[in-house]
Structures are given as structure tokens and as C-alpha cells.
$ cat entry_14.cif   # mmCIF, N, CA and C atoms
data_data
loop_
_atom_site.group_PDB
_atom_site.id
_atom_site.type_symbol
_atom_site.label_atom_id
_atom_site.label_comp_id
_atom_site.auth_asym_id
_atom_site.auth_seq_id
_atom_site.Cartn_x
_atom_site.Cartn_y
_atom_site.Cartn_z
ATOM 1 N N MET E 174 113.548 105.222 72.732
ATOM 2 C CA MET E 174 114.132 105.130 74.055
ATOM 3 C C MET E 174 113.022 104.935 75.089
ATOM 4 N N GLU E 175 113.257 104.053 76.007
ATOM 5 C CA GLU E 175 112.269 103.737 77.027
ATOM 6 C C GLU E 175 112.258 104.806 78.116
ATOM 7 N N ARG E 176 111.051 105.295 78.453
ATOM 8 C CA ARG E 176 110.925 106.274 79.535
ATOM 9 C C ARG E 176 110.688 105.548 80.835
ATOM 10 N N LYS E 177 111.347 106.029 81.885
ATOM 11 C CA LYS E 177 111.146 105.476 83.224
ATOM 12 C C LYS E 177 110.740 106.600 84.157
ATOM 13 N N LEU E 178 109.853 106.278 85.075
ATOM 14 C CA LEU E 178 109.431 107.239 86.085
ATOM 15 C C LEU E 178 110.404 107.154 87.248
ATOM 16 N N THR E 179 111.236 108.187 87.385
ATOM 17 C CA THR E 179 112.233 108.228 88.454
ATOM 18 C C THR E 179 112.202 109.603 89.110
ATOM 19 N N ARG E 180 112.756 109.667 90.310
ATOM 20 C CA ARG E 180 112.924 110.966 90.954
ATOM 21 C C ARG E 180 114.000 111.732 90.202
ATOM 22 N N SER E 181 113.886 113.021 90.172
ATOM 23 C CA SER E 181 114.800 113.850 89.413
ATOM 24 C C SER E 181 115.927 114.392 90.284
ATOM 25 N N ALA E 182 117.035 114.719 89.634
ATOM 26 C CA ALA E 182 118.128 115.402 90.328
ATOM 27 C C ALA E 182 117.774 116.880 90.503
ATOM 28 N N ASN E 183 116.819 117.367 89.715
ATOM 29 C CA ASN E 183 116.312 118.737 89.816
ATOM 30 C C ASN E 183 115.256 118.739 90.920
ATOM 31 N N LYS E 184 115.707 118.795 92.167
ATOM 32 C CA LYS E 184 114.756 118.626 93.260
ATOM 33 C C LYS E 184 114.704 119.835 94.180
ATOM 34 N N MET E 185 113.523 120.020 94.752
ATOM 35 C CA MET E 185 113.351 121.023 95.792
ATOM 36 C C MET E 185 113.283 120.315 97.147
ATOM 37 N N VAL E 186 112.596 119.184 97.196
ATOM 38 C CA VAL E 186 112.527 118.391 98.418
ATOM 39 C C VAL E 186 113.073 116.995 98.127
ATOM 40 N N GLY E 187 112.341 116.213 97.361
ATOM 41 C CA GLY E 187 112.769 114.847 97.081
ATOM 42 C C GLY E 187 112.898 114.516 95.609
ATOM 43 N N GLY E 188 112.531 115.425 94.726
ATOM 44 C CA GLY E 188 112.631 115.181 93.298
ATOM 45 C C GLY E 188 111.417 114.501 92.691
ATOM 46 N N VAL E 189 110.344 114.341 93.474
ATOM 47 C CA VAL E 189 109.156 113.642 92.996
ATOM 48 C C VAL E 189 108.423 114.461 91.934
ATOM 49 N N CYS E 190 108.128 115.712 92.205
ATOM 50 C CA CYS E 190 107.391 116.544 91.252
ATOM 51 C C CYS E 190 108.196 116.761 89.968
ATOM 52 N N ALA E 191 109.489 116.986 90.106
ATOM 53 C CA ALA E 191 110.337 117.172 88.917
ATOM 54 C C ALA E 191 110.440 115.871 88.123
ATOM 55 N N GLY E 192 110.465 114.736 88.813
ATOM 56 C CA GLY E 192 110.482 113.449 88.124
ATOM 57 C C GLY E 192 109.208 113.215 87.335
ATOM 58 N N LEU E 193 108.068 113.574 87.924
ATOM 59 C CA LEU E 193 106.796 113.473 87.193
ATOM 60 C C LEU E 193 106.790 114.410 85.994
ATOM 61 N N ALA E 194 107.319 115.612 86.158
ATOM 62 C CA ALA E 194 107.373 116.575 85.066
ATOM 63 C C ALA E 194 108.262 116.068 83.936
ATOM 64 N N GLU E 195 109.402 115.482 84.269
ATOM 65 C CA GLU E 195 110.285 114.938 83.234
ATOM 66 C C GLU E 195 109.614 113.783 82.500
ATOM 67 N N TYR E 196 108.904 112.950 83.219
ATOM 68 C CA TYR E 196 108.220 111.809 82.606
ATOM 69 C C TYR E 196 107.152 112.267 81.613
ATOM 70 N N PHE E 197 106.381 113.286 81.999
ATOM 71 C CA PHE E 197 105.312 113.783 81.132
ATOM 72 C C PHE E 197 105.767 114.924 80.230
ATOM 73 N N ASP E 198 107.059 115.273 80.288
ATOM 74 C CA ASP E 198 107.666 116.303 79.449
ATOM 75 C C ASP E 198 106.955 117.655 79.584
ATOM 76 N N ILE E 199 106.791 118.095 80.837
ATOM 77 C CA ILE E 199 106.228 119.417 81.112
ATOM 78 C C ILE E 199 107.133 120.133 82.105
ATOM 79 N N ASP E 200 106.865 121.400 82.308
ATOM 80 C CA ASP E 200 107.673 122.228 83.199
ATOM 81 C C ASP E 200 107.491 121.790 84.659
ATOM 82 N N PRO E 201 108.593 121.569 85.385
ATOM 83 C CA PRO E 201 108.470 121.150 86.792
ATOM 84 C C PRO E 201 107.727 122.153 87.663
ATOM 85 N N THR E 202 107.820 123.433 87.342
ATOM 86 C CA THR E 202 107.120 124.448 88.132
ATOM 87 C C THR E 202 105.613 124.249 88.061
ATOM 88 N N VAL E 203 105.109 123.873 86.902
ATOM 89 C CA VAL E 203 103.672 123.632 86.734
ATOM 90 C C VAL E 203 103.233 122.468 87.628
ATOM 91 N N VAL E 204 104.011 121.398 87.636
ATOM 92 C CA VAL E 204 103.666 120.235 88.462
ATOM 93 C C VAL E 204 103.702 120.611 89.938
ATOM 94 N N ARG E 205 104.700 121.380 90.336
ATOM 95 C CA ARG E 205 104.823 121.782 91.744
ATOM 96 C C ARG E 205 103.644 122.662 92.177
ATOM 97 N N VAL E 206 103.245 123.598 91.319
ATOM 98 C CA VAL E 206 102.127 124.490 91.641
ATOM 99 C C VAL E 206 100.821 123.700 91.720
ATOM 100 N N VAL E 207 100.595 122.810 90.762
ATOM 101 C CA VAL E 207 99.376 122.001 90.766
ATOM 102 C C VAL E 207 99.349 121.097 91.999
ATOM 103 N N TYR E 208 100.483 120.484 92.326
ATOM 104 C CA TYR E 208 100.551 119.618 93.512
ATOM 105 C C TYR E 208 100.261 120.421 94.786
ATOM 106 N N ALA E 209 100.869 121.599 94.897
ATOM 107 C CA ALA E 209 100.651 122.433 96.086
ATOM 108 C C ALA E 209 99.182 122.852 96.196
ATOM 109 N N ALA E 210 98.586 123.249 95.073
ATOM 110 C CA ALA E 210 97.182 123.663 95.089
ATOM 111 C C ALA E 210 96.271 122.502 95.476
ATOM 112 N N LEU E 211 96.499 121.334 94.881
ATOM 113 C CA LEU E 211 95.671 120.176 95.214
ATOM 114 C C LEU E 211 95.852 119.759 96.676
ATOM 115 N N SER E 212 97.063 119.859 97.170
ATOM 116 C CA SER E 212 97.309 119.511 98.575
ATOM 117 C C SER E 212 96.591 120.465 99.521
ATOM 118 N N LEU E 213 96.648 121.750 99.217
ATOM 119 C CA LEU E 213 95.988 122.739 100.077
ATOM 120 C C LEU E 213 94.472 122.584 100.065
ATOM 121 N N PHE E 214 93.914 122.301 98.885
ATOM 122 C CA PHE E 214 92.462 122.189 98.790
ATOM 123 C C PHE E 214 91.940 120.848 99.295
ATOM 124 N N SER E 215 92.845 119.904 99.565
ATOM 125 C CA SER E 215 92.404 118.625 100.116
ATOM 126 C C SER E 215 92.863 118.489 101.574
ATOM 127 N N ALA E 216 93.027 119.602 102.241
ATOM 128 C CA ALA E 216 93.405 119.669 103.659
ATOM 129 C C ALA E 216 94.822 119.151 103.923
ATOM 130 N N CYS E 217 95.720 119.249 102.942
ATOM 131 C CA CYS E 217 97.158 118.937 103.053
ATOM 132 C C CYS E 217 97.496 117.491 103.361
ATOM 133 N N PHE E 218 96.795 116.861 104.248
ATOM 134 C CA PHE E 218 97.199 115.543 104.741
ATOM 135 C C PHE E 218 97.331 114.488 103.640
ATOM 136 N N PRO E 219 96.337 114.310 102.749
ATOM 137 C CA PRO E 219 96.505 113.299 101.695
ATOM 138 C C PRO E 219 97.674 113.613 100.754
ATOM 139 N N GLY E 220 97.915 114.890 100.498
ATOM 140 C CA GLY E 220 99.019 115.272 99.627
ATOM 141 C C GLY E 220 100.371 114.929 100.223
ATOM 142 N N ILE E 221 100.503 115.086 101.515
ATOM 143 C CA ILE E 221 101.763 114.752 102.194
ATOM 144 C C ILE E 221 101.989 113.240 102.161
ATOM 145 N N ILE E 222 100.945 112.469 102.410
ATOM 146 C CA ILE E 222 101.062 111.010 102.374
ATOM 147 C C ILE E 222 101.424 110.544 100.967
ATOM 148 N N LEU E 223 100.771 111.103 99.951
ATOM 149 C CA LEU E 223 101.057 110.736 98.570
ATOM 150 C C LEU E 223 102.504 111.055 98.209
ATOM 151 N N TYR E 224 102.992 112.218 98.616
ATOM 152 C CA TYR E 224 104.375 112.598 98.317
ATOM 153 C C TYR E 224 105.356 111.633 98.983
ATOM 154 N N ILE E 225 105.115 111.282 100.226
ATOM 155 C CA ILE E 225 106.006 110.352 100.932
ATOM 156 C C ILE E 225 105.984 108.977 100.271
ATOM 157 N N LEU E 226 104.806 108.511 99.874
ATOM 158 C CA LEU E 226 104.718 107.224 99.186
ATOM 159 C C LEU E 226 105.480 107.242 97.868
ATOM 160 N N LEU E 227 105.312 108.310 97.082
ATOM 161 C CA LEU E 227 106.038 108.416 95.820
ATOM 162 C C LEU E 227 107.535 108.532 96.055
ATOM 163 N N LEU E 228 107.927 109.213 97.107
ATOM 164 C CA LEU E 228 109.345 109.336 97.445
ATOM 165 C C LEU E 228 109.953 107.963 97.742
ATOM 166 N N ILE E 229 109.189 107.111 98.370
ATOM 167 C CA ILE E 229 109.666 105.763 98.691
ATOM 168 C C ILE E 229 109.635 104.853 97.462
ATOM 169 N N ILE E 230 108.576 104.943 96.664
ATOM 170 C CA ILE E 230 108.371 104.028 95.540
ATOM 171 C C ILE E 230 109.245 104.364 94.329
ATOM 172 N N MET E 231 109.353 105.651 93.996
ATOM 173 C CA MET E 231 110.088 106.054 92.788
ATOM 174 C C MET E 231 111.596 105.918 93.009
ATOM 175 N N PRO E 232 112.279 105.216 92.112
ATOM 176 C CA PRO E 232 113.733 105.108 92.263
ATOM 177 C C PRO E 232 114.409 106.415 91.855
ATOM 178 N N PRO E 233 115.601 106.679 92.380
ATOM 179 C CA PRO E 233 116.317 107.889 91.953
ATOM 180 C C PRO E 233 116.787 107.751 90.512
ATOM 181 N N ALA E 234 116.968 108.863 89.848
ATOM 182 C CA ALA E 234 117.430 108.853 88.459
ATOM 183 C C ALA E 234 118.866 108.364 88.413
ATOM 184 N N GLU E 235 119.183 107.621 87.377
ATOM 185 C CA GLU E 235 120.545 107.134 87.171
ATOM 186 C C GLU E 235 121.166 107.950 86.044
ATOM 187 N N TYR E 236 122.226 108.640 86.351
ATOM 188 C CA TYR E 236 122.904 109.468 85.357
ATOM 189 C C TYR E 236 124.239 108.846 85.010
ATOM 190 N N HIS E 237 124.526 108.779 83.737
ATOM 191 C CA HIS E 237 125.801 108.249 83.267
ATOM 192 C C HIS E 237 126.563 109.363 82.597
ATOM 193 N N ASP E 238 127.794 109.623 83.067
ATOM 194 C CA ASP E 238 128.618 110.679 82.465
ATOM 195 C C ASP E 238 129.366 110.159 81.269
#

$ encode --input "entry_14.cif" --output "C-alpha cells"
Amino acid sequence: MERKLTRSANKMVGGVCAGLAEYFDIDPTVVRVVYAALSLFSACFPGIILYILLLIIMPPAEYHD
């Protein structure tokens, strides 16, 4: 099955971190903590820009019932 990088329905803000976690098959909490730590240690601004760019670029997940 082909993996696609998409935003997740399991979202806290936009689903970007959870989408990355689903793509790499890891816990979304780990991705969120690492993202928050990297953002804080890089003076927040680049992390916010990166999140907004990923929010725009990554398509939403398509779920079929």
C-alpha cells in the first residue's frame, strides 16, 4: 500500500504533527514534543513558519467509510 504524507484527523491544531507521526509510524505525542522543543530552542519563529507552510502544503487525509 502506498503511503502518503497528509494532515491527520487526529489533530490538536492543524493535524501536521499527527500526519508526520502517521507517515513515519510513531506516536504523535513524540512528534509534538520534539516539534515544540525544537521551536522553543530556535526562538519559536522558524517553527511557526514551518508549521504554517506544512499546513498549507500537506493535503488533508481522505477517509473512506

$ closest_residue --input "entry_14.cif" --among "E:Cys217, E:Leu227, E:Asn183, E:Pro233" --to "Asp200 of chain E" --atoms "only C-alpha atoms"
E:Asn183

$ atom_distance --input "entry_14.cif" --atom1 "atom N of Thr179 of chain E" --atom2 "atom CA of Ala210 of chain E"
22.3 Å

$ atom_distance --input "entry_14.cif" --atom1 "atom C of Phe218 of chain E" --atom2 "atom CA of Arg176 of chain E"
28.9 Å

$ residues_around --input "entry_14.cif" --residues "Ala194 of chain E" --least-positions-apart "2" --cutoff "10 Å" --atoms "only C-alpha atoms" --output "number ranges by chain"
E: 178, 180-181, 188-192, 196-205

$ atom_distance --input "entry_14.cif" --atom1 "atom CA of Ile225 of chain E" --atom2 "atom N of Lys184 of chain E"
15.6 Å

$ select_by_dssp --input "entry_14.cif" --residues "segment 196-228 of chain E" --states "alpha helix (DSSP H)" --output "ChimeraX atom specification"
/E:196-197,201-214,218-228

$ residues_around --input "entry_14.cif" --residues "Gly220 of chain E" --least-positions-apart "4" --cutoff "10 Å" --atoms "only C-alpha atoms" --output "ChimeraX atom specification"
/E:208-216,224-226

$ axis_aligned_box --input "entry_14.cif" --around "segment 217-229 of chain E" --padding-each-side "8 Å" --output "JSON"
{"center_x": 102.8, "center_y": 112.1, "center_z": 100.3, "size_x": 30.2, "size_y": 30.4, "size_z": 24.9}

$ decode --input "entry_14.cif" --residues "segment 203-238 of chain E" --atoms "N, CA, C and O atoms" --output "short mmCIF file (atom, residue, chain, number, x, y, z; two decimals), in the first residue's frame"
data_model
loop_
_atom_site.label_atom_id
_atom_site.label_comp_id
_atom_site.auth_asym_id
_atom_site.auth_seq_id
_atom_site.Cartn_x
_atom_site.Cartn_y
_atom_site.Cartn_z
N VAL E 203 5.14 12.10 20.61
CA VAL E 203 6.59 12.25 20.47
C VAL E 203 6.90 13.34 19.44
O VAL E 203 7.74 14.21 19.68
N VAL E 204 6.20 13.32 18.32
CA VAL E 204 6.43 14.33 17.28
C VAL E 204 6.07 15.71 17.80
O VAL E 204 6.79 16.68 17.57
N ARG E 205 4.97 15.81 18.53
CA ARG E 205 4.54 17.11 19.06
C ARG E 205 5.55 17.67 20.07
O ARG E 205 5.87 18.86 20.06
N VAL E 206 6.07 16.80 20.94
CA VAL E 206 7.04 17.23 21.95
C VAL E 206 8.35 17.66 21.28
O VAL E 206 8.92 18.70 21.61
N VAL E 207 8.81 16.87 20.31
CA VAL E 207 10.05 17.21 19.60
C VAL E 207 9.87 18.52 18.84
O VAL E 207 10.75 19.40 18.86
N TYR E 208 8.73 18.69 18.17
CA TYR E 208 8.47 19.93 17.43
C TYR E 208 8.45 21.13 18.38
O TYR E 208 9.04 22.17 18.09
N ALA E 209 7.77 20.98 19.52
CA ALA E 209 7.69 22.09 20.48
C ALA E 209 9.08 22.44 21.02
O ALA E 209 9.43 23.61 21.13
N ALA E 210 9.87 21.42 21.35
CA ALA E 210 11.21 21.66 21.87
C ALA E 210 12.09 22.35 20.83
O ALA E 210 12.79 23.33 21.14
N LEU E 211 12.05 21.86 19.59
CA LEU E 211 12.86 22.49 18.54
C LEU E 211 12.41 23.92 18.27
O LEU E 211 13.22 24.80 18.02
N SER E 212 11.11 24.15 18.32
CA SER E 212 10.61 25.51 18.10
C SER E 212 11.06 26.46 19.20
O SER E 212 11.45 27.59 18.94
N LEU E 213 11.00 26.01 20.44
CA LEU E 213 11.41 26.86 21.56
C LEU E 213 12.90 27.16 21.52
O LEU E 213 13.31 28.28 21.81
N PHE E 214 13.70 26.16 21.17
CA PHE E 214 15.15 26.37 21.16
C PHE E 214 15.63 27.12 19.92
O PHE E 214 16.78 27.52 19.86
N SER E 215 14.74 27.31 18.94
CA SER E 215 15.13 28.09 17.77
C SER E 215 14.39 29.43 17.75
O SER E 215 14.12 29.98 16.69
N ALA E 216 14.03 29.92 18.90
CA ALA E 216 13.37 31.21 19.09
C ALA E 216 11.96 31.25 18.49
O ALA E 216 11.49 32.29 18.07
N CYS E 217 11.28 30.11 18.42
CA CYS E 217 9.87 29.97 18.01
C CYS E 217 9.55 30.37 16.58
O CYS E 217 8.79 29.71 15.91
N PHE E 218 10.09 31.45 16.10
CA PHE E 218 9.67 32.00 14.81
C PHE E 218 9.83 31.02 13.64
O PHE E 218 8.87 30.83 12.89
N PRO E 219 10.99 30.37 13.45
CA PRO E 219 11.10 29.43 12.33
C PRO E 219 10.13 28.25 12.45
O PRO E 219 9.62 27.77 11.45
N GLY E 220 9.88 27.80 13.67
CA GLY E 220 8.96 26.69 13.87
C GLY E 220 7.53 27.05 13.49
O GLY E 220 6.81 26.23 12.92
N ILE E 221 7.13 28.26 13.77
CA ILE E 221 5.78 28.71 13.41
C ILE E 221 5.65 28.81 11.89
O ILE E 221 4.64 28.38 11.31
N ILE E 222 6.66 29.35 11.23
CA ILE E 222 6.63 29.46 9.77
C ILE E 222 6.59 28.07 9.13
O ILE E 222 5.82 27.83 8.20
N LEU E 223 7.41 27.15 9.64
CA LEU E 223 7.43 25.79 9.11
C LEU E 223 6.08 25.12 9.27
O LEU E 223 5.57 24.47 8.35
N TYR E 224 5.45 25.28 10.43
CA TYR E 224 4.14 24.67 10.67
C TYR E 224 3.10 25.24 9.70
O TYR E 224 2.31 24.49 9.12
N ILE E 225 3.10 26.54 9.50
CA ILE E 225 2.13 27.16 8.58
C ILE E 225 2.37 26.68 7.15
O ILE E 225 1.41 26.38 6.43
N LEU E 226 3.63 26.58 6.74
CA LEU E 226 3.93 26.08 5.40
C LEU E 226 3.45 24.64 5.22
O LEU E 226 2.85 24.30 4.20
N LEU E 227 3.72 23.78 6.22
CA LEU E 227 3.26 22.40 6.13
C LEU E 227 1.74 22.32 6.16
O LEU E 227 1.15 21.47 5.48
N LEU E 228 1.11 23.19 6.91
CA LEU E 228 -0.36 23.22 6.96
C LEU E 228 -0.94 23.55 5.58
O LEU E 228 -1.95 22.99 5.17
N ILE E 229 -0.27 24.41 4.86
CA ILE E 229 -0.73 24.79 3.52
C ILE E 229 -0.39 23.70 2.49
O ILE E 229 -1.21 23.38 1.62
N ILE E 230 0.80 23.13 2.58
CA ILE E 230 1.28 22.18 1.57
C ILE E 230 0.66 20.79 1.71
O ILE E 230 0.29 20.17 0.71
N MET E 231 0.55 20.29 2.94
CA MET E 231 0.06 18.92 3.16
C MET E 231 -1.46 18.86 2.93
O MET E 231 -2.20 19.62 3.54
N PRO E 232 -1.90 17.93 2.09
CA PRO E 232 -3.34 17.80 1.89
C PRO E 232 -3.99 17.12 3.09
O PRO E 232 -3.34 16.37 3.81
N PRO E 233 -5.28 17.36 3.31
CA PRO E 233 -5.96 16.67 4.41
C PRO E 233 -6.12 15.19 4.09
O PRO E 233 -6.14 14.80 2.91
N ALA E 234 -6.22 14.37 5.11
CA ALA E 234 -6.39 12.93 4.92
C ALA E 234 -7.75 12.66 4.32
O ALA E 234 -8.73 13.33 4.63
N GLU E 235 -7.81 11.68 3.45
CA GLU E 235 -9.07 11.26 2.84
C GLU E 235 -9.49 9.95 3.48
O GLU E 235 -8.77 8.97 3.40
N TYR E 236 -10.63 9.96 4.11
CA TYR E 236 -11.13 8.76 4.78
C TYR E 236 -12.33 8.23 4.02
O TYR E 236 -13.22 8.99 3.64
N HIS E 237 -12.35 6.94 3.80
CA HIS E 237 -13.47 6.29 3.13
C HIS E 237 -14.14 5.36 4.11
O HIS E 237 -13.50 4.48 4.67
N ASP E 238 -15.45 5.55 4.32
CA ASP E 238 -16.19 4.67 5.24
C ASP E 238 -16.65 3.42 4.54
O ASP E 238 -16.94 3.32 3.45
#
